[in-house]
Amino acid sequence: MFWEYLPVFVMLLVAVLVAVGLFVLTSSVGPKKMTPEKAIPYEGGSETTGAEGLRLSVKFFLTAILFVVFDIEAVFLYPWAGLFSRLGWIGLVEMLVFLSVLGVTLAYAWKKGAFEWEK
Amino acid sequence: MNAWLLVAPLGVLAFAGLGIMLIDAFSPGRAELAGVTTTALLMAGLISVVALLSGVDPGELPRSLRAFIAVDHAGLYFDVVICAGAALSALLAGGYLKEHHLERGEYYVLLIFSALGAMILARAVDLITLFIGLETMSLGVYCMIAYRRTSIRATEGALKYFLLGSFAAAILLFGTALIYGATGHTDLAGIGNVLAAGGADARLVLLALALIVVGLAFKVSAVPFHMWTPDAYEGAPTPTTTFMAVAVKTAGFAIMLRMLITAFGDPLSASPETGWPPLIAGIAILSMIYGNVAGLAQTSVKRMLAYSSIAHAGYILVAVAVSYAAREQAIASVLYYLLAYTVSNVLAFGSLILLGSRGKEAVTYEDLAGAGRRHPLAALPLVIGVLSLMGFPPTAGFFAKYYVLTTALSIGGGMVWVAIILVLSSALGAYYYLKVIVFLFMKEPQAGAPKAVPMRSGYVAFALVLAGYFVIKMGVTPEPYLRMAVDAAQSFIS
């Protein structure tokens, strides 16, 4: 039982050693030159503006949630497509029910304005 | 074809939920969504009643369905209780949301899908179905608590419930993972068979059992997993509070019974020495004492009802604890209690809604002062409601407590002491229930204090008439309801 999983543990050990080793190596061997540019907080390459406690628009969360909803659809569709012929008519009907439920949610989200970025 | 009647309530609700979403999106504000929601829920409940009475053979349903969803009479009974609770909550919402300018379509969508989740949870016979039902129910309820977006208390209550609820769900999930690891089954009957044959590591099973009990005790707000209850109950809009107290609790007890009896019904787990009965009895004792003692100190009636709901969870848990021995009687008394508790609670919360209009809400005892003399008709349901919660004859609450008590006494032994604690703590609770009546009729509001003014709403009045009818009916002639509960309990065991 234990020996079967030994390679997994070896793999984990190597992964941890490589990660920690690289950190230790770069911080101990690498040169350190502090310049004013390096000391400022990094924000996507552009200069930092405004307060750090930034309020994000709820639009981003909405987009993320909608992405998750329709991503799950793909998660279900792939295995279903792979087994399409074995699942037969019942599989088809079940998938159609699932898709029509998602269709209703899509219509709901659309009509409620969830896809309008500028309001 | 007839056998599909057994799962039709779930289908009706799913269909209605989607329909309400479309109505809300395409003709916002025009349709009476409260009416549509109530109709759909009542229809689902009626189908369950018809299915209960007609006695169709569940064997005609495909095995793949029966492996995940219970199609027994107990499942239908829970459908009836949950649909009744949700329909009455929807009626209360129809009055409350309009009065307080909160009327938006989402509420009814969340309510109906939450009720669907509760029904799936109550019918779960597989760990997968259990979790899907639990999350469907809970996610809707979290949103319904935070529904009043501008209120800090609502947000606080919702956040507390959400965070603690996530932890409880994780603990439950850990327990189910362990029991799957120990037995290799996800279906409750399969787990039960392996455990009965003694084919699992006893320590692992005990740990899984404890974790699962913690997760479920959280949902029914039993001590010491009750911390969220007062804040969530008080912060939420009152129709949501009603829904949480009736539908969520019913589903929680349903799945607790299924878990303990079907999965953990083996001689080792269900023994009063080494299994869950002492654990459940301990939680019951703590809930009864804590709920009633803490209820005494409250100034808000809504918060008092939250503590009362903790205490009632304790009373029901007494019957759950003795279900290892007096199975049929104990389960039947749990089922009867849940129905009685549903109608009594709707009556208490509903009349609290009725007694306050926008800006002049009735939340504290002081707000109720003299309201009974000024508006006797609006105060009457509150009186009946608290009397039933107190267990005063001839109301539904009296027989509910009576059956739990006789069941506990019939076991004898240590259970007699639990029964004594039940009687003593509910005598303590009588104080804060009677305080409501005292304030309604024997006090006058302080000079200059704002007076609560009753609102006018056909929806709320209809809900109160319905709930009041059943509270009295179940208190005068409890036999038909008890027979229904016994019948459902029998299907549970077989």
# chains A, B, ... in the order shown; residues from 1 in each chain; ligands from 1
>>> residues_around(residues="stretch 407-413 of chain B", least_positions_apart="6", cutoff="7 Å", atoms="only C-alpha atoms", output="MDAnalysis selection string")
chainID B and resid 319 322 329:330 419
>>> interface_residues(of="chain A", to="chain B", cutoff="9 Å", atoms="only C-alpha atoms", output="list in words")
Val101, Val104, Thr105, Ala107, Tyr108, Ala109, Trp110, Lys111 and Lys112 of chain A
>>> residues_around(residues="stretch 351-362 of chain B", least_positions_apart="6", cutoff="8 Å", atoms="only C-alpha atoms", output="JSON, numbers by chain")
{"B": [92, 96, 99, 100, 238, 368, 371, 378, 379, 381, 382, 450, 451, 452, 453, 454, 455, 456, 457, 460, 461, 464]}
>>> select_by_dssp(residues="stretch 6-69 of chain A", states="helix (DSSP H, G or I)", output="PDB file with C-alpha atoms, in the first residue's frame")
ATOM      1  CA  LEU A   6       6.232   6.085  -2.866  1.00  0.00           C
ATOM      2  CA  PRO A   7       6.859   7.715  -6.284  1.00  0.00           C
ATOM      3  CA  VAL A   8       4.192  10.315  -5.434  1.00  0.00           C
ATOM      4  CA  PHE A   9       6.004  11.247  -2.242  1.00  0.00           C
ATOM      5  CA  VAL A  10       9.351  11.350  -4.031  1.00  0.00           C
ATOM      6  CA  MET A  11       7.751  13.622  -6.616  1.00  0.00           C
ATOM      7  CA  LEU A  12       6.383  15.898  -3.872  1.00  0.00           C
ATOM      8  CA  LEU A  13       9.748  15.986  -2.147  1.00  0.00           C
ATOM      9  CA  VAL A  14      11.558  16.900  -5.366  1.00  0.00           C
ATOM     10  CA  ALA A  15       8.981  19.625  -6.103  1.00  0.00           C
ATOM     11  CA  VAL A  16       9.402  21.165  -2.651  1.00  0.00           C
ATOM     12  CA  LEU A  17      13.208  20.911  -2.829  1.00  0.00           C
ATOM     13  CA  VAL A  18      13.352  22.576  -6.236  1.00  0.00           C
ATOM     14  CA  ALA A  19      11.028  25.402  -5.171  1.00  0.00           C
ATOM     15  CA  VAL A  20      12.785  26.080  -1.872  1.00  0.00           C
ATOM     16  CA  GLY A  21      16.232  25.556  -3.407  1.00  0.00           C
ATOM     17  CA  LEU A  22      15.639  28.098  -6.152  1.00  0.00           C
ATOM     18  CA  PHE A  23      14.476  30.680  -3.641  1.00  0.00           C
ATOM     19  CA  VAL A  24      17.473  30.123  -1.410  1.00  0.00           C
ATOM     20  CA  LEU A  25      19.883  30.153  -4.355  1.00  0.00           C
ATOM     21  CA  THR A  26      18.591  33.364  -5.936  1.00  0.00           C
ATOM     22  CA  SER A  27      18.495  35.259  -2.670  1.00  0.00           C
ATOM     23  CA  SER A  28      21.937  34.128  -1.524  1.00  0.00           C
ATOM     24  CA  VAL A  29      23.931  34.008  -4.769  1.00  0.00           C
ATOM     25  CA  PRO A  36      14.219  53.812  -6.636  1.00  0.00           C
ATOM     26  CA  GLU A  37      12.183  52.174  -9.409  1.00  0.00           C
ATOM     27  CA  LYS A  38      12.431  48.825  -7.683  1.00  0.00           C
ATOM     28  CA  ALA A  39      11.231  50.253  -4.370  1.00  0.00           C
ATOM     29  CA  VAL A  58     -19.505  44.561  -8.684  1.00  0.00           C
ATOM     30  CA  LYS A  59     -19.393  44.120 -12.470  1.00  0.00           C
ATOM     31  CA  PHE A  60     -16.201  42.089 -12.164  1.00  0.00           C
ATOM     32  CA  PHE A  61     -17.783  39.641  -9.747  1.00  0.00           C
ATOM     33  CA  LEU A  62     -20.837  39.343 -11.956  1.00  0.00           C
ATOM     34  CA  THR A  63     -18.678  38.524 -14.956  1.00  0.00           C
ATOM     35  CA  ALA A  64     -16.701  35.990 -12.945  1.00  0.00           C
ATOM     36  CA  ILE A  65     -19.866  34.281 -11.690  1.00  0.00           C
ATOM     37  CA  LEU A  66     -21.370  34.157 -15.182  1.00  0.00           C
ATOM     38  CA  PHE A  67     -18.128  32.695 -16.461  1.00  0.00           C
ATOM     39  CA  VAL A  68     -18.255  29.962 -13.813  1.00  0.00           C
ATOM     40  CA  VAL A  69     -21.888  29.145 -14.663  1.00  0.00           C
TER      41      VAL A  69
END
>>> residues_around(residues="B:Phe439", least_positions_apart="6", cutoff="10 Å", atoms="only C-alpha atoms", output="PyMOL selection string")
chain B and resi 365-372+445
>>> residues_around(residues="B:Asn2", least_positions_apart="2", cutoff="8 Å", atoms="only C-alpha atoms", output="PyMOL selection string")
chain B and resi 4-5+56
>>> residues_around(residues="B:His312", least_positions_apart="6", cutoff="10 Å", atoms="only C-alpha atoms", output="PyMOL selection string")
chain B and resi 220-222+284+287-288+291-292+306+318+337-338+341+389-390+401+422+426
>>> residues_around(residues="stretch 117-134 of chain B", least_positions_apart="5", cutoff="9 Å", atoms="only C-alpha atoms", output="ChimeraX atom specification")
/B:9-10,66-72,74-76,78-79,82-83,112,139-140,169,172-173,176,180,185-189,247-248,250-256,258-259,262
>>> decode(residues="stretch 328-355 of chain B", atoms="N, CA and C atoms", output="PDB file, in the first residue's frame")
ATOM      1  N   GLU B 328     -40.767   3.714  15.608  1.00  0.00           N
ATOM      2  CA  GLU B 328     -41.938   4.235  14.907  1.00  0.00           C
ATOM      3  C   GLU B 328     -42.539   5.410  15.663  1.00  0.00           C
ATOM      4  N   GLN B 329     -42.716   5.223  16.973  1.00  0.00           N
ATOM      5  CA  GLN B 329     -43.330   6.267  17.800  1.00  0.00           C
ATOM      6  C   GLN B 329     -42.475   7.529  17.814  1.00  0.00           C
ATOM      7  N   ALA B 330     -41.159   7.345  17.933  1.00  0.00           N
ATOM      8  CA  ALA B 330     -40.268   8.506  18.015  1.00  0.00           C
ATOM      9  C   ALA B 330     -40.262   9.281  16.705  1.00  0.00           C
ATOM     10  N   ILE B 331     -40.143   8.561  15.592  1.00  0.00           N
ATOM     11  CA  ILE B 331     -40.103   9.259  14.300  1.00  0.00           C
ATOM     12  C   ILE B 331     -41.428   9.966  14.064  1.00  0.00           C
ATOM     13  N   ALA B 332     -42.541   9.271  14.390  1.00  0.00           N
ATOM     14  CA  ALA B 332     -43.854   9.886  14.185  1.00  0.00           C
ATOM     15  C   ALA B 332     -43.973  11.162  15.011  1.00  0.00           C
ATOM     16  N   SER B 333     -43.424  11.155  16.237  1.00  0.00           N
ATOM     17  CA  SER B 333     -43.580  12.369  17.048  1.00  0.00           C
ATOM     18  C   SER B 333     -42.698  13.495  16.510  1.00  0.00           C
ATOM     19  N   VAL B 334     -41.547  13.149  15.906  1.00  0.00           N
ATOM     20  CA  VAL B 334     -40.743  14.192  15.248  1.00  0.00           C
ATOM     21  C   VAL B 334     -41.539  14.791  14.088  1.00  0.00           C
ATOM     22  N   LEU B 335     -42.127  13.922  13.273  1.00  0.00           N
ATOM     23  CA  LEU B 335     -42.855  14.396  12.088  1.00  0.00           C
ATOM     24  C   LEU B 335     -44.031  15.266  12.493  1.00  0.00           C
ATOM     25  N   TYR B 336     -44.769  14.816  13.513  1.00  0.00           N
ATOM     26  CA  TYR B 336     -45.914  15.603  13.964  1.00  0.00           C
ATOM     27  C   TYR B 336     -45.450  16.953  14.510  1.00  0.00           C
ATOM     28  N   TYR B 337     -44.362  16.914  15.261  1.00  0.00           N
ATOM     29  CA  TYR B 337     -43.841  18.149  15.852  1.00  0.00           C
ATOM     30  C   TYR B 337     -43.485  19.153  14.766  1.00  0.00           C
ATOM     31  N   LEU B 338     -42.841  18.662  13.687  1.00  0.00           N
ATOM     32  CA  LEU B 338     -42.398  19.573  12.627  1.00  0.00           C
ATOM     33  C   LEU B 338     -43.585  20.273  11.983  1.00  0.00           C
ATOM     34  N   LEU B 339     -44.674  19.517  11.746  1.00  0.00           N
ATOM     35  CA  LEU B 339     -45.860  20.140  11.133  1.00  0.00           C
ATOM     36  C   LEU B 339     -46.472  21.169  12.090  1.00  0.00           C
ATOM     37  N   ALA B 340     -46.613  20.775  13.366  1.00  0.00           N
ATOM     38  CA  ALA B 340     -47.199  21.684  14.356  1.00  0.00           C
ATOM     39  C   ALA B 340     -46.341  22.929  14.511  1.00  0.00           C
ATOM     40  N   TYR B 341     -45.019  22.735  14.537  1.00  0.00           N
ATOM     41  CA  TYR B 341     -44.095  23.851  14.706  1.00  0.00           C
ATOM     42  C   TYR B 341     -44.175  24.796  13.515  1.00  0.00           C
ATOM     43  N   THR B 342     -44.312  24.225  12.317  1.00  0.00           N
ATOM     44  CA  THR B 342     -44.417  25.049  11.106  1.00  0.00           C
ATOM     45  C   THR B 342     -45.599  26.000  11.200  1.00  0.00           C
ATOM     46  N   VAL B 343     -46.797  25.463  11.470  1.00  0.00           N
ATOM     47  CA  VAL B 343     -47.973  26.343  11.472  1.00  0.00           C
ATOM     48  C   VAL B 343     -47.928  27.328  12.642  1.00  0.00           C
ATOM     49  N   SER B 344     -47.430  26.887  13.807  1.00  0.00           N
ATOM     50  CA  SER B 344     -47.375  27.804  14.956  1.00  0.00           C
ATOM     51  C   SER B 344     -46.423  28.956  14.697  1.00  0.00           C
ATOM     52  N   ASN B 345     -45.269  28.627  14.113  1.00  0.00           N
ATOM     53  CA  ASN B 345     -44.276  29.655  13.854  1.00  0.00           C
ATOM     54  C   ASN B 345     -44.755  30.662  12.835  1.00  0.00           C
ATOM     55  N   VAL B 346     -45.427  30.174  11.785  1.00  0.00           N
ATOM     56  CA  VAL B 346     -45.963  31.088  10.777  1.00  0.00           C
ATOM     57  C   VAL B 346     -46.943  32.042  11.443  1.00  0.00           C
ATOM     58  N   LEU B 347     -47.720  31.511  12.362  1.00  0.00           N
ATOM     59  CA  LEU B 347     -48.699  32.348  13.051  1.00  0.00           C
ATOM     60  C   LEU B 347     -47.995  33.434  13.880  1.00  0.00           C
ATOM     61  N   ALA B 348     -46.943  33.049  14.613  1.00  0.00           N
ATOM     62  CA  ALA B 348     -46.251  34.024  15.462  1.00  0.00           C
ATOM     63  C   ALA B 348     -45.531  35.083  14.621  1.00  0.00           C
ATOM     64  N   PHE B 349     -44.726  34.649  13.653  1.00  0.00           N
ATOM     65  CA  PHE B 349     -43.984  35.603  12.828  1.00  0.00           C
ATOM     66  C   PHE B 349     -44.935  36.413  11.961  1.00  0.00           C
ATOM     67  N   GLY B 350     -45.957  35.740  11.416  1.00  0.00           N
ATOM     68  CA  GLY B 350     -46.897  36.425  10.534  1.00  0.00           C
ATOM     69  C   GLY B 350     -47.629  37.546  11.244  1.00  0.00           C
ATOM     70  N   SER B 351     -48.054  37.305  12.491  1.00  0.00           N
ATOM     71  CA  SER B 351     -48.784  38.364  13.170  1.00  0.00           C
ATOM     72  C   SER B 351     -47.836  39.485  13.610  1.00  0.00           C
ATOM     73  N   LEU B 352     -46.556  39.130  13.816  1.00  0.00           N
ATOM     74  CA  LEU B 352     -45.573  40.178  14.086  1.00  0.00           C
ATOM     75  C   LEU B 352     -45.430  41.083  12.856  1.00  0.00           C
ATOM     76  N   ILE B 353     -45.499  40.465  11.670  1.00  0.00           N
ATOM     77  CA  ILE B 353     -45.474  41.258  10.431  1.00  0.00           C
ATOM     78  C   ILE B 353     -46.723  42.119  10.348  1.00  0.00           C
ATOM     79  N   LEU B 354     -47.863  41.512  10.636  1.00  0.00           N
ATOM     80  CA  LEU B 354     -49.140  42.214  10.484  1.00  0.00           C
ATOM     81  C   LEU B 354     -49.225  43.411  11.431  1.00  0.00           C
ATOM     82  N   LEU B 355     -48.603  43.286  12.607  1.00  0.00           N
ATOM     83  CA  LEU B 355     -48.747  44.341  13.614  1.00  0.00           C
ATOM     84  C   LEU B 355     -47.915  45.581  13.317  1.00  0.00           C
TER      85      LEU B 355
END
